[in-house]
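Undergrad: Provided herewith: query_17.csv, CSV, C-alpha atoms and all ligand atoms.
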chain,number,residue,atom,x,y,z
A,548,MET,CA,-15.6,-72.9,-77.7
A,549,LYS,CA,-14.3,-76.4,-77.7
A,550,CYS,CA,-13.4,-78.0,-74.4
A,551,TYR,CA,-11.1,-81.0,-74.2
A,552,MET,CA,-11.7,-83.2,-71.2
A,553,THR,CA,-11.4,-86.8,-69.9
A,554,GLY,CA,-14.5,-88.5,-68.8
A,555,ASN,CA,-13.9,-88.4,-65.0
A,556,SER,CA,-11.7,-85.3,-64.5
A,557,PRO,CA,-13.1,-83.2,-61.6
A,558,TYR,CA,-11.6,-80.1,-63.2
A,559,ALA,CA,-13.4,-80.6,-66.5
A,560,ARG,CA,-16.6,-81.3,-64.5
A,561,LYS,CA,-16.3,-77.9,-62.9
A,562,ILE,CA,-16.5,-76.3,-66.4
A,563,ARG,CA,-19.5,-78.5,-67.4
A,564,VAL,CA,-21.3,-77.6,-64.2
A,565,ALA,CA,-20.5,-73.9,-64.5
A,566,ALA,CA,-21.6,-73.9,-68.2
A,567,ILE,CA,-24.9,-75.7,-67.4
A,568,GLU,CA,-25.6,-73.5,-64.3
A,569,SER,CA,-25.0,-70.4,-66.5
A,570,GLY,CA,-27.4,-71.7,-69.3
A,571,LEU,CA,-24.4,-72.1,-71.6
A,572,GLY,CA,-24.1,-75.9,-71.7
A,573,ASP,CA,-24.9,-75.9,-75.5
A,574,GLU,CA,-22.4,-73.2,-76.3
A,575,VAL,CA,-19.5,-75.5,-75.5
A,576,GLU,CA,-18.4,-78.4,-77.7
A,577,TRP,CA,-17.2,-81.1,-75.3
A,578,VAL,CA,-14.5,-83.3,-76.6
A,579,THR,CA,-13.9,-86.4,-74.4
A,580,LEU,CA,-10.5,-87.9,-74.8
A,581,THR,CA,-9.1,-91.3,-73.7
A,582,ARG,CA,-5.9,-91.2,-71.7
A,583,GLU,CA,-4.0,-92.2,-74.8
A,584,GLU,CA,-5.6,-89.4,-76.9
A,585,ARG,CA,-4.8,-86.9,-74.1
A,586,ALA,CA,-1.2,-87.9,-74.2
A,587,GLU,CA,-1.1,-87.6,-78.0
A,588,LEU,CA,-3.2,-84.4,-78.6
A,589,VAL,CA,-3.1,-82.2,-75.5
A,590,PRO,CA,0.6,-81.3,-75.3
A,591,ALA,CA,0.2,-79.2,-78.5
A,592,MET,CA,-2.4,-77.1,-76.7
A,593,ASN,CA,-1.2,-77.3,-73.1
A,594,PRO,CA,2.6,-77.9,-72.6
A,595,LEU,CA,1.7,-79.5,-69.2
A,596,GLY,CA,-0.3,-82.2,-71.1
A,597,LYS,CA,-3.3,-81.7,-68.8
A,598,VAL,CA,-7.0,-81.4,-69.4
A,599,PRO,CA,-9.2,-79.4,-69.3
A,600,VAL,CA,-8.1,-77.2,-72.2
A,601,ALA,CA,-10.4,-74.8,-74.0
A,602,VAL,CA,-10.0,-73.6,-77.6
A,603,LEU,CA,-12.0,-70.4,-78.5
A,604,GLU,CA,-13.4,-69.7,-82.0
A,605,SER,CA,-10.4,-67.4,-82.5
A,606,GLY,CA,-8.0,-70.3,-81.9
A,607,GLN,CA,-6.9,-68.8,-78.5
A,608,VAL,CA,-6.2,-71.5,-76.0
A,609,LEU,CA,-7.3,-71.2,-72.4
A,610,LEU,CA,-6.1,-73.2,-69.4
A,611,ASP,CA,-6.6,-74.3,-66.7
A,612,SER,CA,-10.0,-74.9,-65.0
A,613,PRO,CA,-10.2,-71.7,-62.9
A,614,VAL,CA,-9.4,-69.6,-66.0
A,615,ILE,CA,-11.9,-71.5,-68.2
A,616,CYS,CA,-14.6,-71.2,-65.6
A,617,ALA,CA,-13.9,-67.5,-65.3
A,618,TYR,CA,-14.2,-67.2,-69.1
A,619,VAL,CA,-17.5,-69.1,-69.1
A,620,ASP,CA,-18.8,-66.8,-66.3
A,621,SER,CA,-17.7,-63.8,-68.4
A,622,LEU,CA,-20.1,-65.0,-71.2
A,623,ASN,CA,-23.0,-65.2,-68.8
A,624,LYS,CA,-25.3,-62.2,-68.9
A,625,GLY,CA,-27.3,-63.5,-65.8
A,626,PRO,CA,-26.3,-63.9,-62.2
A,627,LYS,CA,-22.5,-64.5,-62.0
A,628,LEU,CA,-20.8,-67.6,-60.5
A,629,ILE,CA,-17.8,-65.4,-59.6
A,630,PRO,CA,-18.8,-62.1,-58.0
A,631,GLU,CA,-17.2,-59.2,-59.9
A,632,SER,CA,-15.7,-57.4,-57.0
A,633,GLY,CA,-15.4,-57.1,-53.3
A,634,ASP,CA,-14.7,-59.5,-50.5
A,635,GLU,CA,-17.2,-62.0,-51.9
A,636,ARG,CA,-15.1,-62.4,-55.1
A,637,TRP,CA,-12.0,-63.3,-53.1
A,638,ALA,CA,-14.0,-65.6,-50.8
A,639,VAL,CA,-15.4,-67.5,-53.9
A,640,LEU,CA,-12.1,-67.8,-55.6
A,641,THR,CA,-10.4,-69.0,-52.4
A,642,LEU,CA,-13.1,-71.7,-51.9
A,643,GLU,CA,-12.6,-72.6,-55.5
A,644,ALA,CA,-8.8,-73.0,-54.9
A,645,LEU,CA,-9.5,-75.1,-51.8
A,646,GLY,CA,-11.8,-77.4,-53.8
A,647,ASP,CA,-9.2,-77.6,-56.5
A,648,GLY,CA,-6.5,-78.4,-53.9
A,649,LEU,CA,-8.7,-81.1,-52.4
A,650,GLY,CA,-9.0,-82.6,-55.9
A,651,GLU,CA,-5.2,-82.5,-56.3
A,652,ALA,CA,-4.7,-84.3,-53.0
A,653,VAL,CA,-7.3,-86.9,-53.9
A,654,ILE,CA,-5.7,-87.5,-57.3
A,655,GLY,CA,-2.3,-87.8,-55.5
A,656,VAL,CA,-3.6,-90.5,-53.2
A,657,SER,CA,-5.4,-92.3,-56.0
A,658,GLN,CA,-2.5,-92.4,-58.4
A,659,GLU,CA,0.0,-93.6,-55.8
A,660,ALA,CA,-2.4,-96.2,-54.3
A,661,GLN,CA,-2.9,-97.7,-57.8
A,662,LYS,CA,0.8,-98.5,-58.1
A,663,PRO,CA,1.9,-102.1,-57.4
A,664,ASP,CA,3.1,-102.5,-53.7
A,665,ASP,CA,6.8,-102.5,-54.7
A,666,LYS,CA,6.5,-99.1,-56.6
A,667,ARG,CA,4.2,-97.4,-54.1
A,668,THR,CA,5.6,-94.8,-51.6
A,669,GLN,CA,3.5,-94.9,-48.5
A,670,GLY,CA,4.8,-91.5,-47.4
A,671,VAL,CA,3.3,-89.9,-50.5
A,672,VAL,CA,-0.1,-91.6,-49.9
A,673,ASP,CA,0.0,-90.5,-46.2
A,674,ARG,CA,1.0,-86.9,-47.0
A,675,GLN,CA,-1.7,-86.5,-49.7
A,676,ALA,CA,-4.4,-88.2,-47.5
A,677,GLY,CA,-3.4,-85.8,-44.7
A,678,LYS,CA,-4.0,-82.9,-47.0
A,679,ALA,CA,-7.4,-84.3,-48.2
A,680,ASN,CA,-8.5,-84.9,-44.6
A,681,SER,CA,-7.5,-81.4,-43.4
A,682,GLY,CA,-9.3,-79.9,-46.4
A,683,LEU,CA,-12.4,-81.9,-45.6
A,684,ALA,CA,-12.3,-80.9,-41.9
A,685,ALA,CA,-12.1,-77.2,-42.9
A,686,LEU,CA,-14.9,-77.6,-45.5
A,687,ASP,CA,-17.1,-79.4,-42.9
A,688,LYS,CA,-16.8,-76.3,-40.7
A,689,GLN,CA,-17.7,-73.9,-43.5
A,690,ALA,CA,-20.5,-76.0,-45.1
A,691,GLY,CA,-23.2,-74.2,-43.1
A,692,ASP,CA,-22.2,-70.9,-44.7
A,693,PHE,CA,-22.0,-72.2,-48.3
A,694,ASN,CA,-23.9,-70.2,-51.0
A,695,GLU,CA,-27.2,-71.4,-52.2
A,696,PRO,CA,-27.6,-71.6,-55.2
A,697,PRO,CA,-23.9,-72.6,-55.5
A,698,LEU,CA,-21.2,-70.2,-56.8
A,699,MET,CA,-17.9,-71.2,-58.3
A,700,GLY,CA,-16.4,-72.2,-54.9
A,701,GLU,CA,-19.1,-74.6,-54.0
A,702,ILE,CA,-19.0,-76.1,-57.6
A,703,SER,CA,-15.3,-76.8,-57.2
A,704,VAL,CA,-15.7,-78.4,-53.8
A,705,ALA,CA,-18.5,-80.6,-55.0
A,706,CYS,CA,-16.6,-81.8,-58.1
A,707,ALA,CA,-13.6,-82.7,-55.9
A,708,LEU,CA,-15.9,-84.6,-53.5
A,709,GLY,CA,-17.4,-86.4,-56.5
A,710,TYR,CA,-14.0,-87.6,-57.7
A,711,MET,CA,-13.0,-88.5,-54.2
A,712,GLU,CA,-16.0,-90.7,-53.8
A,713,TYR,CA,-15.7,-92.2,-57.3
A,714,ARG,CA,-12.1,-93.3,-56.4
A,715,ASP,CA,-13.1,-94.2,-52.8
A,716,VAL,CA,-10.1,-92.2,-51.5
A,717,VAL,CA,-11.4,-91.4,-48.1
A,718,PRO,CA,-13.7,-94.2,-47.1
A,719,GLY,CA,-16.4,-93.2,-44.6
A,720,TRP,CA,-16.0,-89.5,-45.2
A,721,ARG,CA,-19.8,-89.0,-45.2
A,722,GLU,CA,-20.0,-90.1,-41.6
A,723,THR,CA,-16.8,-88.3,-40.5
A,724,TYR,CA,-17.8,-84.9,-42.1
A,725,PRO,CA,-21.6,-84.8,-41.6
A,726,ALA,CA,-22.2,-81.1,-42.4
A,727,LEU,CA,-20.2,-81.3,-45.6
A,728,SER,CA,-21.9,-84.6,-46.6
A,729,GLY,CA,-25.4,-83.2,-45.9
A,730,TRP,CA,-24.7,-80.2,-48.1
A,731,TYR,CA,-23.1,-82.5,-50.8
A,732,ALA,CA,-26.2,-84.8,-50.9
A,733,ASN,CA,-28.3,-81.7,-51.8
A,734,ILE,CA,-26.0,-80.2,-54.5
A,735,LEU,CA,-26.0,-83.6,-56.3
A,736,LYS,CA,-29.7,-83.2,-57.0
A,737,ARG,CA,-29.0,-80.2,-59.3
A,738,GLN,CA,-29.4,-80.9,-63.0
A,739,SER,CA,-25.9,-79.7,-63.6
A,740,PHE,CA,-24.4,-82.4,-61.3
A,741,ILE,CA,-26.8,-85.1,-62.6
A,742,LEU,CA,-25.8,-84.4,-66.2
A,743,SER,CA,-22.0,-84.4,-65.4
A,744,THR,CA,-21.8,-87.5,-63.2
A,745,PRO,CA,-18.4,-89.2,-63.8
A,746,VAL,CA,-18.6,-92.4,-65.8
A,801,LIG,N1,-4.9,-77.2,-62.2
A,801,LIG,C1,-5.4,-77.9,-63.3
A,801,LIG,C2,-5.3,-79.4,-63.0
A,801,LIG,C3,-5.7,-80.3,-64.2
A,801,LIG,C4,-5.4,-81.7,-64.0
A,801,LIG,O1,-4.7,-82.1,-63.0
A,801,LIG,N2,-5.8,-82.6,-64.9
A,801,LIG,C5,-5.5,-84.0,-64.9
A,801,LIG,C6,-6.8,-84.8,-65.1
A,801,LIG,S1,-7.9,-84.6,-63.7
A,801,LIG,C7,-4.7,-84.4,-66.1
A,801,LIG,O2,-4.9,-84.0,-67.2
A,801,LIG,N3,-3.6,-85.1,-65.8
A,801,LIG,C8,-2.7,-85.6,-66.8
A,801,LIG,C9,-1.3,-85.4,-66.4
A,801,LIG,O3,-1.0,-84.9,-65.3
A,801,LIG,O4,-0.4,-85.8,-67.2
A,801,LIG,C10,-6.8,-77.4,-63.5
A,801,LIG,O5,-7.5,-76.9,-62.6
A,801,LIG,O6,-7.3,-77.6,-64.7
Can you give me the file's structure in the form of structure tokens?
Ligand SMILES: N[C@@H](CCC(=O)N[C@@H](CS)C(=O)NCC(=O)O)C(=O)O
TA:
Amino acid sequence: MKCYMTGNSPYARKIRVAAIESGLGDEVEWVTLTREERAELVPAMNPLGKVPVAVLESGQVLLDSPVICAYVDSLNKGPKLIPESGDERWAVLTLEALGDGLGEAVIGVSQEAQKPDDKRTQGVVDRQAGKANSGLAALDKQAGDFNEPPLMGEISVACALGYMEYRDVVPGWRETYPALSGWYANILKRQSFILSTPV
């Protein structure tokens, strides 16, 4: 499988971490694109023009990150990152969606904040920052119950936090959300996170 990504995408990082955690890191050919290459090459695979996109040996295209992560998990013969059935499955997928949504809010703030003053809409920044903070508050309450070793939900949350910190979107979050930040400091020690640190 070929996986197209950009160097610092939290969604692509989910797939890298999931593959490494599943012992499948070497099964995936990672293709890192610049923004310009993404704009040029990706629309032919994903009409939304977004990465990550995966292309299987058969030529079948998979998007987006939850689907590609589920595909990687389906290849894994060992313990699954997404439980196959029951309440636990839906809890893991829901936490994955919350992590993905946090990533979306963080990207929203970051993109708007990078615009020049006369092009920036403060209402957009405030709305997305509000979503990021309410997501962080909910995750801070749940952090004590997170799975160890991490499953797909925790991986998604940690990738969103990594991007949030990389862009410094919520300054001081480690002090404001101590349970979440304590958990995050530990997950970062895993080889899968070390190998996929944004550059
Ligand atoms: N829901 C998608 C989100 C993917 C996404 O937002 N990708 C960003 C990079 S982090 C992107 O390619 N943005 C380019 C664009 O929106 O044109 C997923 O989970 O894969």
Undergrad: Which residues, written as a ChimeraX atom specification, have at least one atom at most 7 Å from range 557-568 of chain A, with only C-alpha atoms counted and residues fewer than 3 positions away on the same chain left out?
TA: /A:552,571-572,599,612,615-616,619,702-703,706-707,710,739-740,743
Undergrad: Please extract the residues at most 9 Å from ligand LIG 801 (chain A), counting only C-alpha atoms and all ligand atoms, and provide them as a VMD selection string, using the chain letters and residue numbers of this document.
TA: chain A and resid 552 to 553 555 to 559 561 582 585 to 586 589 595 to 600 610 to 615 644 647 to 648 650 to 651 654
Undergrad: Given the selection you just returned, output its residues as a file containing C-alpha atoms, formatted as an mmCIF file, in the coordinates of the input.
TA:
data_model
loop_
_atom_site.group_PDB
_atom_site.id
_atom_site.type_symbol
_atom_site.label_atom_id
_atom_site.label_comp_id
_atom_site.auth_asym_id
_atom_site.auth_seq_id
_atom_site.Cartn_x
_atom_site.Cartn_y
_atom_site.Cartn_z
ATOM 1 C CA MET A 552 -11.700 -83.200 -71.200
ATOM 2 C CA THR A 553 -11.400 -86.800 -69.900
ATOM 3 C CA ASN A 555 -13.900 -88.400 -65.000
ATOM 4 C CA SER A 556 -11.700 -85.300 -64.500
ATOM 5 C CA PRO A 557 -13.100 -83.200 -61.600
ATOM 6 C CA TYR A 558 -11.600 -80.100 -63.200
ATOM 7 C CA ALA A 559 -13.400 -80.600 -66.500
ATOM 8 C CA LYS A 561 -16.300 -77.900 -62.900
ATOM 9 C CA ARG A 582 -5.900 -91.200 -71.700
ATOM 10 C CA ARG A 585 -4.800 -86.900 -74.100
ATOM 11 C CA ALA A 586 -1.200 -87.900 -74.200
ATOM 12 C CA VAL A 589 -3.100 -82.200 -75.500
ATOM 13 C CA LEU A 595 1.700 -79.500 -69.200
ATOM 14 C CA GLY A 596 -0.300 -82.200 -71.100
ATOM 15 C CA LYS A 597 -3.300 -81.700 -68.800
ATOM 16 C CA VAL A 598 -7.000 -81.400 -69.400
ATOM 17 C CA PRO A 599 -9.200 -79.400 -69.300
ATOM 18 C CA VAL A 600 -8.100 -77.200 -72.200
ATOM 19 C CA LEU A 610 -6.100 -73.200 -69.400
ATOM 20 C CA ASP A 611 -6.600 -74.300 -66.700
ATOM 21 C CA SER A 612 -10.000 -74.900 -65.000
ATOM 22 C CA PRO A 613 -10.200 -71.700 -62.900
ATOM 23 C CA VAL A 614 -9.400 -69.600 -66.000
ATOM 24 C CA ILE A 615 -11.900 -71.500 -68.200
ATOM 25 C CA ALA A 644 -8.800 -73.000 -54.900
ATOM 26 C CA ASP A 647 -9.200 -77.600 -56.500
ATOM 27 C CA GLY A 648 -6.500 -78.400 -53.900
ATOM 28 C CA GLY A 650 -9.000 -82.600 -55.900
ATOM 29 C CA GLU A 651 -5.200 -82.500 -56.300
ATOM 30 C CA ILE A 654 -5.700 -87.500 -57.300
#
Undergrad: For Met592 in chain A, which residue out of A:Lys736, A:Arg674, A:Lys662, A:Lys549 is the nearest one, using all atoms listed in the file?
TA: A:Lys549
Undergrad: Report as a list in words all protein, DNA and RNA residues lying within 10 Å of Asp715 in chain A, evaluated on only C-alpha atoms, omitting residues in the same chain fewer than 5 positions from it.
TA: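 Near neighbours after the sequence-gap exclusion: Val653, Ser657, Gly709, Tyr710 and Trp720 of chain A.
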Undergrad: Provide the CA of Met699 in chain A to CA of Ala660 in chain A distance in Å, to one decimal place.
TA: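 Taking CA of Met699 in chain A as the start and CA of Ala660 in chain A as the end point, the length is 29.7 Å.
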Undergrad: In Å, how far is it from CA of Pro626 in chain A to CA of Ser569 in chain A?
TA: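 So the two atoms, CA of Pro626 in chain A and CA of Ser569 in chain A, lie 7.9 Å apart.
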